[in-house]
>>> print(open('my_file.pdb').read())   # PDB, C-alpha atoms, pLDDT in the B column
MODEL        1
ATOM      1  CA  MET A1304      13.969   4.968  -1.348  1.00 46.00           C
ATOM      2  CA  GLY A1305      14.285   1.461   0.003  1.00 50.00           C
ATOM      3  CA  LEU A1306      11.908  -1.443  -0.391  1.00 50.00           C
ATOM      4  CA  ALA A1307      10.157  -0.611   2.888  1.00 53.00           C
ATOM      5  CA  ASP A1308       9.667   3.008   1.775  1.00 55.00           C
ATOM      6  CA  GLY A1309       8.060   1.805  -1.460  1.00 54.00           C
ATOM      7  CA  ALA A1310       5.689  -0.452   0.468  1.00 57.00           C
ATOM      8  CA  ASP A1311       4.779   2.446   2.769  1.00 57.00           C
ATOM      9  CA  ALA A1312       4.061   4.680  -0.224  1.00 52.00           C
ATOM     10  CA  THR A1313       1.865   2.007  -1.804  1.00 51.00           C
ATOM     11  CA  SER A1314       0.016   1.515   1.469  1.00 49.00           C
ATOM     12  CA  ALA A1315      -0.527   5.269   1.780  1.00 47.00           C
ATOM     13  CA  ARG A1316      -1.945   5.456  -1.753  1.00 47.00           C
ATOM     14  CA  LEU A1317      -4.316   2.566  -1.029  1.00 47.00           C
ATOM     15  CA  TRP A1318      -5.491   4.272   2.153  1.00 46.00           C
ATOM     16  CA  ILE A1319      -6.212   7.468   0.223  1.00 48.00           C
ATOM     17  CA  VAL A1320      -8.405   5.623  -2.291  1.00 48.00           C
ATOM     18  CA  ASP A1321     -10.151   3.763   0.553  1.00 54.00           C
ATOM     19  CA  THR A1322     -11.263   7.103   2.044  1.00 82.00           C
ATOM     20  CA  LEU A1323     -13.898   7.200  -0.683  1.00 89.00           C
ATOM     21  CA  THR A1324     -16.599   4.549  -0.691  1.00 91.00           C
ATOM     22  CA  SER A1325     -16.797   2.217  -3.682  1.00 92.00           C
ATOM     23  CA  ALA A1326     -20.019   3.995  -4.718  1.00 93.00           C
ATOM     24  CA  GLU A1327     -18.225   7.363  -4.587  1.00 94.00           C
ATOM     25  CA  ARG A1328     -15.333   6.065  -6.699  1.00 94.00           C
ATOM     26  CA  ALA A1329     -17.815   4.639  -9.233  1.00 95.00           C
ATOM     27  CA  SER A1330     -19.763   7.900  -9.292  1.00 95.00           C
ATOM     28  CA  ALA A1331     -16.594   9.923  -9.874  1.00 95.00           C
ATOM     29  CA  ALA A1332     -15.615   7.640 -12.780  1.00 95.00           C
ATOM     30  CA  ARG A1333     -19.133   7.800 -14.254  1.00 94.00           C
ATOM     31  CA  ARG A1334     -19.268  11.618 -14.029  1.00 95.00           C
ATOM     32  CA  LEU A1335     -15.843  11.934 -15.620  1.00 94.00           C
ATOM     33  CA  ALA A1336     -16.627   9.479 -18.433  1.00 94.00           C
ATOM     34  CA  ALA A1337     -19.854  11.356 -19.209  1.00 94.00           C
ATOM     35  CA  VAL A1338     -17.767  14.335 -20.328  1.00 93.00           C
ATOM     36  CA  ARG A1339     -16.153  12.273 -23.116  1.00 93.00           C
ATOM     37  CA  PRO A1340     -18.580   9.457 -24.073  1.00 92.00           C
ATOM     38  CA  VAL A1341     -16.174   8.072 -26.683  1.00 92.00           C
ATOM     39  CA  VAL A1342     -13.869   6.959 -23.844  1.00 93.00           C
ATOM     40  CA  ALA A1343     -16.638   4.895 -22.250  1.00 91.00           C
ATOM     41  CA  ALA A1344     -17.576   3.480 -25.657  1.00 92.00           C
ATOM     42  CA  LEU A1345     -14.041   2.139 -26.100  1.00 93.00           C
ATOM     43  CA  ALA A1346     -14.012   0.427 -22.692  1.00 91.00           C
ATOM     44  CA  GLY A1347     -15.062  -2.953 -24.035  1.00 84.00           C
ATOM     45  CA  VAL A1348     -12.905  -2.740 -27.151  1.00 89.00           C
ATOM     46  CA  ALA A1349      -9.532  -1.559 -25.866  1.00 90.00           C
ATOM     47  CA  ALA A1350      -7.171  -3.940 -24.097  1.00 91.00           C
ATOM     48  CA  PRO A1351      -7.276  -3.316 -20.318  1.00 86.00           C
ATOM     49  CA  GLU A1352      -3.558  -2.530 -20.145  1.00 87.00           C
ATOM     50  CA  ALA A1353      -4.028   0.144 -22.837  1.00 94.00           C
ATOM     51  CA  PHE A1354      -7.422   1.467 -21.700  1.00 95.00           C
ATOM     52  CA  TRP A1355      -6.119   3.206 -18.580  1.00 94.00           C
ATOM     53  CA  GLU A1356      -3.601   5.071 -20.750  1.00 95.00           C
ATOM     54  CA  LEU A1357      -6.401   6.040 -23.137  1.00 95.00           C
ATOM     55  CA  CYS A1358      -8.418   7.349 -20.180  1.00 95.00           C
ATOM     56  CA  ARG A1359      -5.426   9.341 -18.950  1.00 96.00           C
ATOM     57  CA  ASP A1360      -4.713  10.788 -22.395  1.00 95.00           C
ATOM     58  CA  GLU A1361      -8.327  11.690 -23.192  1.00 95.00           C
ATOM     59  CA  LEU A1362      -9.519  12.855 -19.779  1.00 95.00           C
ATOM     60  CA  SER A1363      -6.481  14.689 -18.339  1.00 95.00           C
ATOM     61  CA  GLY A1364      -7.364  18.328 -17.819  1.00 95.00           C
ATOM     62  CA  VAL A1365     -11.114  17.696 -17.529  1.00 94.00           C
ATOM     63  CA  ASP A1366     -12.770  19.278 -14.494  1.00 95.00           C
ATOM     64  CA  VAL A1367     -16.274  18.318 -13.337  1.00 95.00           C
ATOM     65  CA  ALA A1368     -17.996  20.395 -10.661  1.00 94.00           C
ATOM     66  CA  VAL A1369     -21.664  19.520 -10.237  1.00 90.00           C
ATOM     67  CA  GLY A1370     -23.998  18.292  -7.491  1.00 91.00           C
ATOM     68  CA  GLY A1371     -21.492  18.708  -4.669  1.00 93.00           C
ATOM     69  CA  TRP A1372     -18.729  16.986  -6.624  1.00 93.00           C
ATOM     70  CA  ASP A1373     -15.418  18.584  -7.603  1.00 95.00           C
ATOM     71  CA  ILE A1374     -13.446  16.160  -9.772  1.00 96.00           C
ATOM     72  CA  ARG A1375     -10.216  17.078 -11.541  1.00 96.00           C
ATOM     73  CA  ALA A1376      -8.526  14.708 -13.958  1.00 96.00           C
ATOM     74  CA  ARG A1377      -4.777  15.182 -14.105  1.00 96.00           C
ATOM     75  CA  TRP A1378      -1.929  13.218 -15.721  1.00 94.00           C
ATOM     76  CA  PHE A1379      -1.129  11.429 -12.438  1.00 94.00           C
ATOM     77  CA  GLY A1380      -4.710  10.445 -11.576  1.00 95.00           C
ATOM     78  CA  VAL A1381      -8.185  11.751 -10.846  1.00 96.00           C
ATOM     79  CA  VAL A1382      -8.340  14.101  -7.870  1.00 95.00           C
ATOM     80  CA  VAL A1383     -11.626  14.291  -5.993  1.00 95.00           C
ATOM     81  CA  CYS A1384     -11.683  17.638  -4.171  1.00 93.00           C
ATOM     82  CA  ALA A1385     -15.265  17.486  -2.865  1.00 92.00           C
ATOM     83  CA  THR A1386     -18.112  14.990  -2.548  1.00 90.00           C
ATOM     84  CA  PRO A1387     -21.644  15.393  -1.206  1.00 90.00           C
ATOM     85  CA  ARG A1388     -20.738  13.177   1.797  1.00 87.00           C
ATOM     86  CA  LEU A1389     -17.313  14.633   2.624  1.00 84.00           C
ATOM     87  CA  SER A1390     -17.926  18.227   1.435  1.00 85.00           C
ATOM     88  CA  GLU A1391     -14.860  20.171   0.394  1.00 85.00           C
ATOM     89  CA  LEU A1392     -11.664  18.342   1.224  1.00 82.00           C
ATOM     90  CA  GLY A1393      -8.614  20.193   2.515  1.00 81.00           C
ATOM     91  CA  ARG A1394      -6.517  17.949   0.319  1.00 84.00           C
ATOM     92  CA  GLY A1395      -7.874  16.079  -2.677  1.00 89.00           C
ATOM     93  CA  ILE A1396      -8.147  12.312  -2.803  1.00 92.00           C
ATOM     94  CA  THR A1397      -6.403  10.793  -5.821  1.00 94.00           C
ATOM     95  CA  ILE A1398      -7.799   7.800  -7.669  1.00 95.00           C
ATOM     96  CA  PRO A1399      -5.227   6.117  -9.947  1.00 96.00           C
ATOM     97  CA  TRP A1400      -6.007   5.909 -13.670  1.00 96.00           C
ATOM     98  CA  ARG A1401      -6.004   2.094 -13.578  1.00 95.00           C
ATOM     99  CA  VAL A1402      -8.832   2.197 -11.017  1.00 96.00           C
ATOM    100  CA  ILE A1403     -10.794   4.757 -13.055  1.00 96.00           C
ATOM    101  CA  ALA A1404     -10.394   2.641 -16.208  1.00 96.00           C
ATOM    102  CA  ALA A1405     -11.599  -0.496 -14.397  1.00 95.00           C
ATOM    103  CA  LEU A1406     -14.626   1.367 -13.014  1.00 95.00           C
ATOM    104  CA  ILE A1407     -15.555   2.790 -16.422  1.00 95.00           C
ATOM    105  CA  THR A1408     -15.248  -0.679 -17.960  1.00 94.00           C
ATOM    106  CA  ALA A1409     -17.378  -2.261 -15.222  1.00 93.00           C
ATOM    107  CA  GLN A1410     -20.148   0.293 -15.819  1.00 89.00           C
ATOM    108  CA  GLN A1411     -20.523  -0.535 -19.509  1.00 82.00           C
ATOM    109  CA  PRO A1412     -23.416  -2.780 -20.546  1.00 79.00           C
ATOM    110  CA  ARG A1413     -22.363  -6.204 -21.742  1.00 68.00           C
ATOM    111  CA  GLY A1414     -23.235  -6.952 -25.366  1.00 58.00           C
ATOM    112  CA  CYS A1415     -24.089 -10.201 -27.150  1.00 42.00           C
TER     113      CYS A1415
ENDMDL
END
>>> encode(input="my_file.pdb", output="structure tokens")
Amino acid sequence: MGLADGADATSARLWIVDTLTSAERASAARRLAAVRPVVAALAGVAAPEAFWELCRDELSGVDVAVGGWDIRARWFGVVVCATPRLSELGRGITIPWRVIAALITAQQPRGC
């Protein structure tokens, strides 16, 4: 894989994430974090570069199917297989763990 191939792969991954609206990405992260509240609680404490790994380790294997959503957390990222707006997708849309971690962190209330 050459440099151009790597750039194409990165561009393709960004396009896949952009298929979901920012509200849909935030909702997927919120629904996933609700399954393991301790992960969300650590969002403000853990270093950002370590928090995405914590999310991956704690949430991999979790499936959430409720309210038109089908969300599957896997080691490589969070796969959204259905949303209320898009219905069931022929191929899931993957959200990278770093994005999920940032969304979970952004949703946490700020303390004193």
>>> residues_around(input="my_file.pdb", residues="stretch 1396-1413 of chain A", least_positions_apart="2", cutoff="9 Å", atoms="all atoms listed in the file", output="PyMOL selection string")
chain A and resi 1316+1319-1320+1322-1323+1328-1329+1331-1333+1336+1342-1347+1351-1352+1354-1359+1378-1385+1392+1394+1415
>>> residues_near_point(input="my_file.pdb", point="(-22.2, 18.9, -8.9)", cutoff="12 Å", atoms="only C-alpha atoms", output="PyMOL selection string")
chain A and resi 1330-1331+1334-1335+1366-1374+1383-1387+1390-1391
>>> atom_distance(input="my_file.pdb", atom1="atom CA of A:Arg1375", atom2="atom CA of A:Thr1324")
17.8 Å
>>> axis_aligned_box(input="my_file.pdb", around="stretch 1345-1361 of chain A", padding_each_side="5 Å", output="AutoDock Vina command-line options")
--center_x -9.3 --center_y 3.9 --center_z -22.9 --size_x 21.5 --size_y 25.6 --size_z 18.6
>>> atom_distance(input="my_file.pdb", atom1="atom CA of A:Arg1388", atom2="atom CA of A:Glu1327")
9.0 Å
>>> atom_distance(input="my_file.pdb", atom1="atom CA of A:Gly1393", atom2="atom CA of A:Asp1360")
26.9 Å
>>> closest_residue(input="my_file.pdb", among="A:Gly1395, A:Ser1363, A:Arg1377, A:Leu1389", to="A:Arg1339", atoms="only C-alpha atoms")
A:Ser1363
